[in-house]
Amino acid sequence: MAKSKWTEFTQNAVGTEQLKSAGSEFKSGWKAPSNIAIVKYWGKKDGQIPQNPSLSFSLNGCYTQTQLEVKYSPKGFSLTINPEGKEFAPRIEQFLRNVEPLFPFLANVEAKVTTANSFPHSVGIASSASGFASLALCLCHIEEQIKGNLGFGSPFLRKASYVARLGSGSASRSVFGGWQEWGYLPELPNSTNEYALSLSPIVDPKFFEMRDAILVVSTSPKVLSSTQGHALMANHPFADARYAEARINLNAILKALRKGDLKRFYDIAESEAMTLHGLIMSSKNQPMLLKPQSLQIIERIKAFRTEKGINIGFTIDAGPNIHLLYTSDVAQIVEAFVNEQLKPLCENQKVIFDSCGKGPELV
Ligand code: DP6
């Protein structure tokens, strides 16, 4: 198991004096993608340590754009957030206070955060992943500017992923484009619970052609937050079996990603999605998150797949919306099917067509 990186990342941390002598005022802006988990992170320990490793790909069109400005202030730390970001203000403020030992210059700054999502809040796409990833990238970039460094190599991204994880576990994965893994897996070199790894170098090119049609079954507010969800695993009777299964699935899916085995990939993705919901349903006093339309969509996807003999699959987050997964070679036929047969089952016919993206961008 990897040792805590806290010591590593707090070494050479930048303080107030360095901020003042480097120019007192800095800003950075990043766009970071949302990601969709295929092997699900569900259950965590103190310090944002996952109970099992997870795997995802970054989206292209669903992202958060954040700008962070810091200005030296002898009065200590203060924060302003734009009206669009107000809803996340308490979580952002808590986060910035928590990461102060990593960025000691925060102790004496007026900080201004301006953040906006490219996707509506109501469609069930987690904005915490893209939001904290973009904010973590801004923080690390400002630190680099103060140090006089340029360039965003692996050590920079590793630290940004580490910092993003402290805001939201899944945000650790949103620091990378393409495919990524987060969490210790004995068989995967360099994997750690502390930050995510890019899997892009080992993934067959066809997986970069992955599309995700997000079938929005309901835009009602979330009935189960991720934080509440992770807590459900603490006393769950199937917890140990689940964590073991996640590792088995992760090893199997890594093999499928390497070999370009779409069929095996979709099998595992669907099993992970149903397991997540199985775990939620078998937790004490929990609501059913899937709606009748979610189940109808799943049935239609399965029937269409059998009838046409093509490789497609689905995944589901902790909500009622279904993510239909397919590759660009079958996009035309699949999207016609979505428009004819699945759209009518969505709330206000809402479908978001997205795809595997290239990852964060400096803006
Ligand atoms: C079902 O990363 O949102 O989407 O660490 O408490 O912020 P916190 O949780 P979060 O949990 C995501 C849960 C999931 C699966 C996943 O993304 O792996």
# chains A, B, ... in the order shown; residues from 1 in each chain; ligands from 1

$ residues_around --residues "Thr64 (chain A)" --least-positions-apart "5" --cutoff "7 Å" --atoms "only C-alpha atoms" --output "ChimeraX atom specification"
/A:31-33,115-118,130-131,134

$ select_by_dssp --residues "region 197-295 of chain A" --states "alpha helix (DSSP H)" --output "number ranges by chain"
A: 226-232, 239-259, 262-281, 292-295

$ residues_around --residues "Tyr72 (chain A)" --least-positions-apart "3" --cutoff "10 Å" --atoms "only C-alpha atoms" --output "PDB file with N, CA, C and O atoms, in the first residue's frame"
ATOM      1  N   THR A  16       3.204  32.654   2.418  1.00  0.00           N
ATOM      2  CA  THR A  16       2.859  34.061   2.189  1.00  0.00           C
ATOM      3  C   THR A  16       4.044  34.891   1.699  1.00  0.00           C
ATOM      4  O   THR A  16       3.906  35.715   0.796  1.00  0.00           O
ATOM      5  N   GLU A  17       5.211  34.654   2.300  1.00  0.00           N
ATOM      6  CA  GLU A  17       6.375  35.473   1.910  1.00  0.00           C
ATOM      7  C   GLU A  17       6.714  35.280   0.440  1.00  0.00           C
ATOM      8  O   GLU A  17       6.981  36.233  -0.281  1.00  0.00           O
ATOM      9  N   LEU A  19       4.641  34.324  -1.874  1.00  0.00           N
ATOM     10  CA  LEU A  19       3.562  34.954  -2.656  1.00  0.00           C
ATOM     11  C   LEU A  19       3.852  36.450  -2.810  1.00  0.00           C
ATOM     12  O   LEU A  19       3.791  36.999  -3.910  1.00  0.00           O
ATOM     13  N   LYS A  20       4.195  37.089  -1.687  1.00  0.00           N
ATOM     14  CA  LYS A  20       4.428  38.546  -1.714  1.00  0.00           C
ATOM     15  C   LYS A  20       5.616  38.894  -2.597  1.00  0.00           C
ATOM     16  O   LYS A  20       5.558  39.807  -3.410  1.00  0.00           O
ATOM     17  N   GLY A  23       4.931  38.662  -6.424  1.00  0.00           N
ATOM     18  CA  GLY A  23       4.038  39.599  -7.119  1.00  0.00           C
ATOM     19  C   GLY A  23       2.686  39.823  -6.476  1.00  0.00           C
ATOM     20  O   GLY A  23       1.897  40.617  -6.975  1.00  0.00           O
ATOM     21  N   SER A  24       2.366  39.100  -5.413  1.00  0.00           N
ATOM     22  CA  SER A  24       1.145  39.336  -4.607  1.00  0.00           C
ATOM     23  C   SER A  24      -0.190  38.959  -5.237  1.00  0.00           C
ATOM     24  O   SER A  24      -1.148  38.676  -4.543  1.00  0.00           O
ATOM     25  N   GLU A  25      -0.280  39.006  -6.565  1.00  0.00           N
ATOM     26  CA  GLU A  25      -1.579  38.733  -7.198  1.00  0.00           C
ATOM     27  C   GLU A  25      -1.405  37.718  -8.312  1.00  0.00           C
ATOM     28  O   GLU A  25      -0.585  37.926  -9.212  1.00  0.00           O
ATOM     29  N   PHE A  26      -2.192  36.651  -8.273  1.00  0.00           N
ATOM     30  CA  PHE A  26      -2.083  35.619  -9.307  1.00  0.00           C
ATOM     31  C   PHE A  26      -3.464  35.135  -9.697  1.00  0.00           C
ATOM     32  O   PHE A  26      -4.395  35.173  -8.879  1.00  0.00           O
ATOM     33  N   LYS A  75      -5.142  40.692   6.141  1.00  0.00           N
ATOM     34  CA  LYS A  75      -6.275  40.379   7.042  1.00  0.00           C
ATOM     35  C   LYS A  75      -6.590  38.899   7.127  1.00  0.00           C
ATOM     36  O   LYS A  75      -7.574  38.502   7.743  1.00  0.00           O
ATOM     37  N   GLY A  76      -5.827  38.060   6.443  1.00  0.00           N
ATOM     38  CA  GLY A  76      -6.120  36.621   6.488  1.00  0.00           C
ATOM     39  C   GLY A  76      -6.873  36.163   5.249  1.00  0.00           C
ATOM     40  O   GLY A  76      -6.866  36.858   4.232  1.00  0.00           O
ATOM     41  N   PHE A  77      -7.541  35.026   5.371  1.00  0.00           N
ATOM     42  CA  PHE A  77      -8.214  34.429   4.215  1.00  0.00           C
ATOM     43  C   PHE A  77      -9.648  34.937   4.094  1.00  0.00           C
ATOM     44  O   PHE A  77     -10.380  35.012   5.074  1.00  0.00           O
ATOM     45  N   PHE A 105       0.133  29.726   1.267  1.00  0.00           N
ATOM     46  CA  PHE A 105      -0.111  31.116   0.872  1.00  0.00           C
ATOM     47  C   PHE A 105      -1.589  31.476   1.000  1.00  0.00           C
ATOM     48  O   PHE A 105      -1.951  32.650   1.085  1.00  0.00           O
ATOM     49  N   LEU A 106      -2.473  30.463   1.039  1.00  0.00           N
ATOM     50  CA  LEU A 106      -3.914  30.732   1.153  1.00  0.00           C
ATOM     51  C   LEU A 106      -4.275  31.412   2.475  1.00  0.00           C
ATOM     52  O   LEU A 106      -5.326  32.045   2.588  1.00  0.00           O
ATOM     53  N   ALA A 107      -3.388  31.280   3.459  1.00  0.00           N
ATOM     54  CA  ALA A 107      -3.689  31.845   4.790  1.00  0.00           C
ATOM     55  C   ALA A 107      -3.882  33.361   4.749  1.00  0.00           C
ATOM     56  O   ALA A 107      -4.599  33.917   5.576  1.00  0.00           O
ATOM     57  N   ASN A 108      -3.259  34.015   3.781  1.00  0.00           N
ATOM     58  CA  ASN A 108      -3.327  35.486   3.716  1.00  0.00           C
ATOM     59  C   ASN A 108      -3.686  35.974   2.318  1.00  0.00           C
ATOM     60  O   ASN A 108      -2.915  36.686   1.685  1.00  0.00           O
ATOM     61  N   VAL A 109      -4.840  35.553   1.862  1.00  0.00           N
ATOM     62  CA  VAL A 109      -5.263  36.034   0.540  1.00  0.00           C
ATOM     63  C   VAL A 109      -6.757  36.363   0.516  1.00  0.00           C
ATOM     64  O   VAL A 109      -7.554  35.786   1.268  1.00  0.00           O
ATOM     65  N   GLU A 110      -7.075  37.296  -0.375  1.00  0.00           N
ATOM     66  CA  GLU A 110      -8.472  37.440  -0.795  1.00  0.00           C
ATOM     67  C   GLU A 110      -8.574  36.520  -1.995  1.00  0.00           C
ATOM     68  O   GLU A 110      -7.862  36.716  -2.982  1.00  0.00           O
ATOM     69  N   ALA A 111      -9.426  35.512  -1.889  1.00  0.00           N
ATOM     70  CA  ALA A 111      -9.568  34.558  -3.002  1.00  0.00           C
ATOM     71  C   ALA A 111     -10.895  34.823  -3.696  1.00  0.00           C
ATOM     72  O   ALA A 111     -11.908  35.090  -3.044  1.00  0.00           O
TER      73      ALA A 111
END

$ closest_atom_pairs --of "chain A" --to "ligand 1" --cutoff "8 Å" --atoms "only C-alpha atoms and all ligand atoms" --output "JSON lines"
{"residue": "A:Asn35", "atom": "CA", "partner": "ligand 1", "partner_atom_place_in_ligand_line": "17 (O)", "distance": 7.4}
{"residue": "A:Ile36", "atom": "CA", "partner": "ligand 1", "partner_atom_place_in_ligand_line": "17 (O)", "distance": 6.3}
{"residue": "A:Ala37", "atom": "CA", "partner": "ligand 1", "partner_atom_place_in_ligand_line": "18 (O)", "distance": 4.7}
{"residue": "A:Ile38", "atom": "CA", "partner": "ligand 1", "partner_atom_place_in_ligand_line": "18 (O)", "distance": 7.3}
{"residue": "A:Val39", "atom": "CA", "partner": "ligand 1", "partner_atom_place_in_ligand_line": "18 (O)", "distance": 6.6}
{"residue": "A:Lys40", "atom": "CA", "partner": "ligand 1", "partner_atom_place_in_ligand_line": "18 (O)", "distance": 3.9}
{"residue": "A:Tyr41", "atom": "CA", "partner": "ligand 1", "partner_atom_place_in_ligand_line": "18 (O)", "distance": 3.7}
{"residue": "A:Trp42", "atom": "CA", "partner": "ligand 1", "partner_atom_place_in_ligand_line": "13 (C)", "distance": 5.7}
{"residue": "A:Lys44", "atom": "CA", "partner": "ligand 1", "partner_atom_place_in_ligand_line": "5 (O)", "distance": 7.6}
{"residue": "A:Gln48", "atom": "CA", "partner": "ligand 1", "partner_atom_place_in_ligand_line": "5 (O)", "distance": 6.2}
{"residue": "A:Ser54", "atom": "CA", "partner": "ligand 1", "partner_atom_place_in_ligand_line": "18 (O)", "distance": 5.8}
{"residue": "A:Leu55", "atom": "CA", "partner": "ligand 1", "partner_atom_place_in_ligand_line": "18 (O)", "distance": 7.0}
{"residue": "A:Ser56", "atom": "CA", "partner": "ligand 1", "partner_atom_place_in_ligand_line": "18 (O)", "distance": 7.3}
{"residue": "A:Ala126", "atom": "CA", "partner": "ligand 1", "partner_atom_place_in_ligand_line": "3 (O)", "distance": 6.6}
{"residue": "A:Ser128", "atom": "CA", "partner": "ligand 1", "partner_atom_place_in_ligand_line": "3 (O)", "distance": 6.2}
{"residue": "A:Ala129", "atom": "CA", "partner": "ligand 1", "partner_atom_place_in_ligand_line": "2 (O)", "distance": 6.4}
{"residue": "A:Arg165", "atom": "CA", "partner": "ligand 1", "partner_atom_place_in_ligand_line": "5 (O)", "distance": 7.1}
{"residue": "A:Leu166", "atom": "CA", "partner": "ligand 1", "partner_atom_place_in_ligand_line": "5 (O)", "distance": 7.8}
{"residue": "A:Gly167", "atom": "CA", "partner": "ligand 1", "partner_atom_place_in_ligand_line": "7 (O)", "distance": 6.5}
{"residue": "A:Ser168", "atom": "CA", "partner": "ligand 1", "partner_atom_place_in_ligand_line": "7 (O)", "distance": 3.4}
{"residue": "A:Gly169", "atom": "CA", "partner": "ligand 1", "partner_atom_place_in_ligand_line": "5 (O)", "distance": 3.5}
{"residue": "A:Ser170", "atom": "CA", "partner": "ligand 1", "partner_atom_place_in_ligand_line": "2 (O)", "distance": 3.6}
{"residue": "A:Ala171", "atom": "CA", "partner": "ligand 1", "partner_atom_place_in_ligand_line": "2 (O)", "distance": 6.2}
{"residue": "A:Ser225", "atom": "CA", "partner": "ligand 1", "partner_atom_place_in_ligand_line": "3 (O)", "distance": 7.7}
{"residue": "A:Ser226", "atom": "CA", "partner": "ligand 1", "partner_atom_place_in_ligand_line": "9 (O)", "distance": 4.7}
{"residue": "A:Thr227", "atom": "CA", "partner": "ligand 1", "partner_atom_place_in_ligand_line": "6 (O)", "distance": 4.1}
{"residue": "A:Gln228", "atom": "CA", "partner": "ligand 1", "partner_atom_place_in_ligand_line": "6 (O)", "distance": 7.8}
{"residue": "A:Gly229", "atom": "CA", "partner": "ligand 1", "partner_atom_place_in_ligand_line": "13 (C)", "distance": 7.8}
{"residue": "A:His230", "atom": "CA", "partner": "ligand 1", "partner_atom_place_in_ligand_line": "6 (O)", "distance": 6.6}
{"residue": "A:Leu276", "atom": "CA", "partner": "ligand 1", "partner_atom_place_in_ligand_line": "1 (C)", "distance": 7.4}
{"residue": "A:Asp317", "atom": "CA", "partner": "ligand 1", "partner_atom_place_in_ligand_line": "1 (C)", "distance": 4.8}
{"residue": "A:Ala318", "atom": "CA", "partner": "ligand 1", "partner_atom_place_in_ligand_line": "1 (C)", "distance": 4.8}

$ closest_atom_pairs --of "region 174-221 of chain A" --to "region 295-308 of chain A" --cutoff "12 Å" --atoms "only C-alpha atoms" --output "JSON lines"
{"residue": "A:Ala213", "atom": "CA", "partner": "A:Ile301", "partner_atom": "CA", "distance": 11.9}
{"residue": "A:Ile214", "atom": "CA", "partner": "A:Ile297", "partner_atom": "CA", "distance": 11.5}
{"residue": "A:Leu215", "atom": "CA", "partner": "A:Ile297", "partner_atom": "CA", "distance": 8.6}
{"residue": "A:Val216", "atom": "CA", "partner": "A:Ile297", "partner_atom": "CA", "distance": 10.7}
{"residue": "A:Val217", "atom": "CA", "partner": "A:Ile297", "partner_atom": "CA", "distance": 9.2}

$ closest_atom_pairs --of "region 116-182 of chain A" --to "region 323-333 of chain A" --cutoff "12 Å" --atoms "only C-alpha atoms" --output "Markdown table"
| residue | atom | partner | partner_atom | distance |
| --- | --- | --- | --- | --- |
| A:Val123 | CA | A:His323 | CA | 11.7 |
| A:Gly124 | CA | A:His323 | CA | 10.8 |
| A:Ile125 | CA | A:His323 | CA | 10.3 |

$ residues_around --residues "Ser191 (chain A)" --least-positions-apart "4" --cutoff "9 Å" --atoms "only C-alpha atoms" --output "ChimeraX atom specification"
/A:2,53,181-187,195-197

$ write_last_selection --atoms "all heavy atoms" --output "mmCIF file, in the first residue's frame"
data_model
loop_
_atom_site.group_PDB
_atom_site.id
_atom_site.type_symbol
_atom_site.label_atom_id
_atom_site.label_comp_id
_atom_site.auth_asym_id
_atom_site.auth_seq_id
_atom_site.Cartn_x
_atom_site.Cartn_y
_atom_site.Cartn_z
ATOM 1 N N ALA A 2 0.529 2.212 -0.837
ATOM 2 C CA ALA A 2 1.354 3.418 -0.925
ATOM 3 C C ALA A 2 1.306 4.205 0.392
ATOM 4 O O ALA A 2 0.274 4.248 1.054
ATOM 5 C CB ALA A 2 0.834 4.293 -2.054
ATOM 6 N N PRO A 53 -10.719 0.323 -5.721
ATOM 7 C CA PRO A 53 -10.275 1.130 -6.871
ATOM 8 C C PRO A 53 -11.403 1.300 -7.879
ATOM 9 O O PRO A 53 -12.325 0.470 -7.942
ATOM 10 C CB PRO A 53 -9.130 0.298 -7.454
ATOM 11 C CG PRO A 53 -9.394 -1.102 -7.019
ATOM 12 C CD PRO A 53 -10.143 -1.027 -5.714
ATOM 13 N N GLU A 181 -7.753 5.619 -13.754
ATOM 14 C CA GLU A 181 -7.996 4.709 -12.623
ATOM 15 C C GLU A 181 -7.593 5.428 -11.352
ATOM 16 O O GLU A 181 -6.619 6.178 -11.333
ATOM 17 C CB GLU A 181 -7.137 3.449 -12.823
ATOM 18 C CG GLU A 181 -7.424 2.316 -11.859
ATOM 19 C CD GLU A 181 -6.605 2.337 -10.575
ATOM 20 O OE1 GLU A 181 -5.726 3.242 -10.397
ATOM 21 O OE2 GLU A 181 -6.839 1.483 -9.730
ATOM 22 N N TRP A 182 -8.344 5.176 -10.299
ATOM 23 C CA TRP A 182 -7.993 5.734 -8.986
ATOM 24 C C TRP A 182 -8.152 4.637 -7.934
ATOM 25 O O TRP A 182 -9.229 4.029 -7.859
ATOM 26 C CB TRP A 182 -8.894 6.926 -8.644
ATOM 27 C CG TRP A 182 -8.823 7.359 -7.199
ATOM 28 C CD1 TRP A 182 -7.692 7.549 -6.454
ATOM 29 C CD2 TRP A 182 -9.928 7.637 -6.318
ATOM 30 N NE1 TRP A 182 -8.024 7.935 -5.176
ATOM 31 C CE2 TRP A 182 -9.387 7.999 -5.066
ATOM 32 C CE3 TRP A 182 -11.319 7.621 -6.476
ATOM 33 C CZ2 TRP A 182 -10.182 8.324 -3.969
ATOM 34 C CZ3 TRP A 182 -12.109 7.956 -5.386
ATOM 35 C CH2 TRP A 182 -11.546 8.311 -4.146
ATOM 36 N N GLY A 183 -7.139 4.400 -7.155
ATOM 37 C CA GLY A 183 -7.221 3.446 -6.045
ATOM 38 C C GLY A 183 -6.211 2.324 -6.201
ATOM 39 O O GLY A 183 -5.883 1.906 -7.317
ATOM 40 N N TYR A 184 -5.740 1.855 -5.048
ATOM 41 C CA TYR A 184 -4.704 0.822 -5.053
ATOM 42 C C TYR A 184 -5.235 -0.509 -5.573
ATOM 43 O O TYR A 184 -6.237 -1.024 -5.092
ATOM 44 C CB TYR A 184 -4.163 0.658 -3.632
ATOM 45 C CG TYR A 184 -3.129 -0.427 -3.515
ATOM 46 C CD1 TYR A 184 -1.912 -0.308 -4.190
ATOM 47 C CD2 TYR A 184 -3.369 -1.563 -2.759
ATOM 48 C CE1 TYR A 184 -0.962 -1.317 -4.106
ATOM 49 C CE2 TYR A 184 -2.407 -2.570 -2.664
ATOM 50 C CZ TYR A 184 -1.210 -2.436 -3.343
ATOM 51 O OH TYR A 184 -0.277 -3.433 -3.270
ATOM 52 N N LEU A 185 -4.539 -1.034 -6.556
ATOM 53 C CA LEU A 185 -4.849 -2.353 -7.109
ATOM 54 C C LEU A 185 -3.507 -3.075 -7.228
ATOM 55 O O LEU A 185 -2.643 -2.619 -7.986
ATOM 56 C CB LEU A 185 -5.501 -2.203 -8.498
ATOM 57 C CG LEU A 185 -5.908 -3.504 -9.194
ATOM 58 C CD1 LEU A 185 -7.127 -4.141 -8.515
ATOM 59 C CD2 LEU A 185 -6.229 -3.261 -10.670
ATOM 60 N N PRO A 186 -3.325 -4.158 -6.473
ATOM 61 C CA PRO A 186 -1.990 -4.776 -6.442
ATOM 62 C C PRO A 186 -1.412 -5.049 -7.828
ATOM 63 O O PRO A 186 -0.216 -4.902 -8.053
ATOM 64 C CB PRO A 186 -2.232 -6.090 -5.677
ATOM 65 C CG PRO A 186 -3.485 -5.875 -4.907
ATOM 66 C CD PRO A 186 -4.311 -4.851 -5.640
ATOM 67 N N GLU A 187 -2.282 -5.431 -8.761
ATOM 68 C CA GLU A 187 -1.796 -5.820 -10.094
ATOM 69 C C GLU A 187 -1.480 -4.616 -10.988
ATOM 70 O O GLU A 187 -0.930 -4.810 -12.080
ATOM 71 C CB GLU A 187 -2.854 -6.683 -10.805
ATOM 72 C CG GLU A 187 -3.164 -8.001 -10.121
ATOM 73 C CD GLU A 187 -4.167 -7.863 -8.964
ATOM 74 O OE1 GLU A 187 -4.580 -6.717 -8.641
ATOM 75 O OE2 GLU A 187 -4.503 -8.898 -8.369
ATOM 76 N N TYR A 195 -4.179 9.363 -5.504
ATOM 77 C CA TYR A 195 -4.468 10.130 -6.718
ATOM 78 C C TYR A 195 -4.729 9.168 -7.868
ATOM 79 O O TYR A 195 -4.436 7.970 -7.769
ATOM 80 C CB TYR A 195 -3.339 11.112 -7.071
ATOM 81 C CG TYR A 195 -1.941 10.551 -7.043
ATOM 82 C CD1 TYR A 195 -1.481 9.709 -8.048
ATOM 83 C CD2 TYR A 195 -1.070 10.862 -5.993
ATOM 84 C CE1 TYR A 195 -0.191 9.204 -8.022
ATOM 85 C CE2 TYR A 195 0.215 10.348 -5.959
ATOM 86 C CZ TYR A 195 0.644 9.520 -6.973
ATOM 87 O OH TYR A 195 1.908 9.007 -6.934
ATOM 88 N N ALA A 196 -5.257 9.720 -8.937
ATOM 89 C CA ALA A 196 -5.603 8.872 -10.087
ATOM 90 C C ALA A 196 -4.432 8.762 -11.057
ATOM 91 O O ALA A 196 -3.486 9.547 -11.003
ATOM 92 C CB ALA A 196 -6.818 9.465 -10.786
ATOM 93 N N LEU A 197 -4.520 7.764 -11.913
ATOM 94 C CA LEU A 197 -3.516 7.547 -12.969
ATOM 95 C C LEU A 197 -4.205 7.629 -14.314
ATOM 96 O O LEU A 197 -5.341 7.156 -14.448
ATOM 97 C CB LEU A 197 -2.982 6.112 -12.919
ATOM 98 C CG LEU A 197 -2.297 5.573 -11.692
ATOM 99 C CD1 LEU A 197 -1.955 4.111 -11.935
ATOM 100 C CD2 LEU A 197 -1.028 6.386 -11.430
#

$ select_by_dssp --residues "region 218-343 of chain A" --states "strand (DSSP E)" --output "list of chain:residue names"
A:Gly313, A:Phe314, A:Thr315, A:Ile316, A:Ile322, A:His323, A:Leu324, A:Leu325, A:Tyr326, A:Thr327

$ write_last_selection --atoms "N, CA, C and O atoms" --output "PDB file, in the first residue's frame"
ATOM      1  N   GLY A 313     -23.737  -0.900 -24.616  1.00  0.00           N
ATOM      2  CA  GLY A 313     -23.968  -1.245 -23.211  1.00  0.00           C
ATOM      3  C   GLY A 313     -24.441  -0.009 -22.461  1.00  0.00           C
ATOM      4  O   GLY A 313     -24.735   1.020 -23.069  1.00  0.00           O
ATOM      5  N   PHE A 314     -24.502  -0.130 -21.149  1.00  0.00           N
ATOM      6  CA  PHE A 314     -24.928   1.044 -20.373  1.00  0.00           C
ATOM      7  C   PHE A 314     -24.244   1.050 -19.015  1.00  0.00           C
ATOM      8  O   PHE A 314     -23.721   0.030 -18.558  1.00  0.00           O
ATOM      9  N   THR A 315     -24.256   2.224 -18.423  1.00  0.00           N
ATOM     10  CA  THR A 315     -23.869   2.323 -17.025  1.00  0.00           C
ATOM     11  C   THR A 315     -24.842   3.288 -16.349  1.00  0.00           C
ATOM     12  O   THR A 315     -25.611   3.988 -17.033  1.00  0.00           O
ATOM     13  N   ILE A 316     -24.840   3.312 -15.033  1.00  0.00           N
ATOM     14  CA  ILE A 316     -25.760   4.177 -14.278  1.00  0.00           C
ATOM     15  C   ILE A 316     -24.996   4.702 -13.072  1.00  0.00           C
ATOM     16  O   ILE A 316     -24.240   3.961 -12.446  1.00  0.00           O
ATOM     17  N   ILE A 322     -29.837   6.914 -17.288  1.00  0.00           N
ATOM     18  CA  ILE A 322     -29.072   5.809 -17.888  1.00  0.00           C
ATOM     19  C   ILE A 322     -28.046   6.399 -18.862  1.00  0.00           C
ATOM     20  O   ILE A 322     -28.382   7.268 -19.671  1.00  0.00           O
ATOM     21  N   HIS A 323     -26.834   5.922 -18.789  1.00  0.00           N
ATOM     22  CA  HIS A 323     -25.789   6.326 -19.740  1.00  0.00           C
ATOM     23  C   HIS A 323     -25.640   5.204 -20.762  1.00  0.00           C
ATOM     24  O   HIS A 323     -25.160   4.121 -20.425  1.00  0.00           O
ATOM     25  N   LEU A 324     -26.064   5.472 -21.980  1.00  0.00           N
ATOM     26  CA  LEU A 324     -25.923   4.466 -23.043  1.00  0.00           C
ATOM     27  C   LEU A 324     -24.536   4.610 -23.654  1.00  0.00           C
ATOM     28  O   LEU A 324     -24.144   5.694 -24.099  1.00  0.00           O
ATOM     29  N   LEU A 325     -23.790   3.514 -23.659  1.00  0.00           N
ATOM     30  CA  LEU A 325     -22.398   3.534 -24.144  1.00  0.00           C
ATOM     31  C   LEU A 325     -22.305   2.829 -25.488  1.00  0.00           C
ATOM     32  O   LEU A 325     -22.850   1.720 -25.652  1.00  0.00           O
ATOM     33  N   TYR A 326     -21.617   3.452 -26.428  1.00  0.00           N
ATOM     34  CA  TYR A 326     -21.423   2.869 -27.760  1.00  0.00           C
ATOM     35  C   TYR A 326     -20.221   3.542 -28.395  1.00  0.00           C
ATOM     36  O   TYR A 326     -19.757   4.575 -27.908  1.00  0.00           O
ATOM     37  N   THR A 327     -19.719   2.962 -29.465  1.00  0.00           N
ATOM     38  CA  THR A 327     -18.545   3.566 -30.111  1.00  0.00           C
ATOM     39  C   THR A 327     -18.975   4.271 -31.398  1.00  0.00           C
ATOM     40  O   THR A 327     -20.057   4.002 -31.936  1.00  0.00           O
TER      41      THR A 327
END

$ residues_around --residues "region 93-99 of chain A" --least-positions-apart "2" --cutoff "12 Å" --atoms "only C-alpha atoms" --output "PyMOL selection string"
chain A and resi 6+9-10+13+47+68+70+76-81+85-91+101-113+128+131-133+135-136+138-140+159-160+162-168

$ closest_residue --among "A:Trp30, A:Ile146, A:Met233, A:Gly357" --to "Lys71 (chain A)" --atoms "only C-alpha atoms"
A:Ile146

$ atom_distance --atom1 "CA of Arg211 (chain A)" --atom2 "CA of Thr66 (chain A)"
25.1 Å

$ decode --residues "region 145-155 of chain A" --atoms "N, CA, C and O atoms" --output "CSV table (one decimal), in the first residue's frame"
chain,number,residue,atom,x,y,z
A,145,GLN,N,3.1,29.2,-10.7
A,145,GLN,CA,3.4,30.5,-11.1
A,145,GLN,C,4.3,31.3,-10.0
A,145,GLN,O,5.2,32.0,-10.3
A,146,ILE,N,3.9,31.1,-8.8
A,146,ILE,CA,4.6,31.7,-7.7
A,146,ILE,C,6.1,31.2,-7.7
A,146,ILE,O,7.0,31.9,-7.5
A,147,LYS,N,6.2,29.9,-7.9
A,147,LYS,CA,7.6,29.3,-7.9
A,147,LYS,C,8.3,29.7,-9.2
A,147,LYS,O,9.5,29.4,-9.3
A,148,GLY,N,7.6,30.2,-10.1
A,148,GLY,CA,8.3,30.6,-11.4
A,148,GLY,C,8.5,29.4,-12.3
A,148,GLY,O,9.3,29.4,-13.2
A,149,ASN,N,7.6,28.3,-12.1
A,149,ASN,CA,7.7,27.2,-13.0
A,149,ASN,C,6.7,27.2,-14.1
A,149,ASN,O,5.6,27.8,-14.0
A,150,LEU,N,7.0,26.6,-15.2
A,150,LEU,CA,6.1,26.6,-16.3
A,150,LEU,C,6.0,25.1,-16.8
A,150,LEU,O,6.8,24.3,-16.5
A,151,GLY,N,4.8,24.8,-17.4
A,151,GLY,CA,4.7,23.4,-17.9
A,151,GLY,C,3.8,22.6,-16.9
A,151,GLY,O,3.8,22.8,-15.7
A,152,PHE,N,3.1,21.7,-17.5
A,152,PHE,CA,2.1,20.9,-16.8
A,152,PHE,C,2.4,19.4,-17.0
A,152,PHE,O,1.6,18.7,-17.6
A,153,GLY,N,3.5,18.9,-16.5
A,153,GLY,CA,3.9,17.5,-16.7
A,153,GLY,C,3.3,16.6,-15.6
A,153,GLY,O,2.3,17.0,-14.9
A,154,SER,N,3.8,15.4,-15.6
A,154,SER,CA,3.2,14.4,-14.7
A,154,SER,C,3.1,14.8,-13.2
A,154,SER,O,2.1,14.6,-12.6
A,155,PRO,N,4.2,15.3,-12.7
A,155,PRO,CA,4.2,15.7,-11.2
A,155,PRO,C,3.1,16.7,-10.9
A,155,PRO,O,2.4,16.6,-9.9
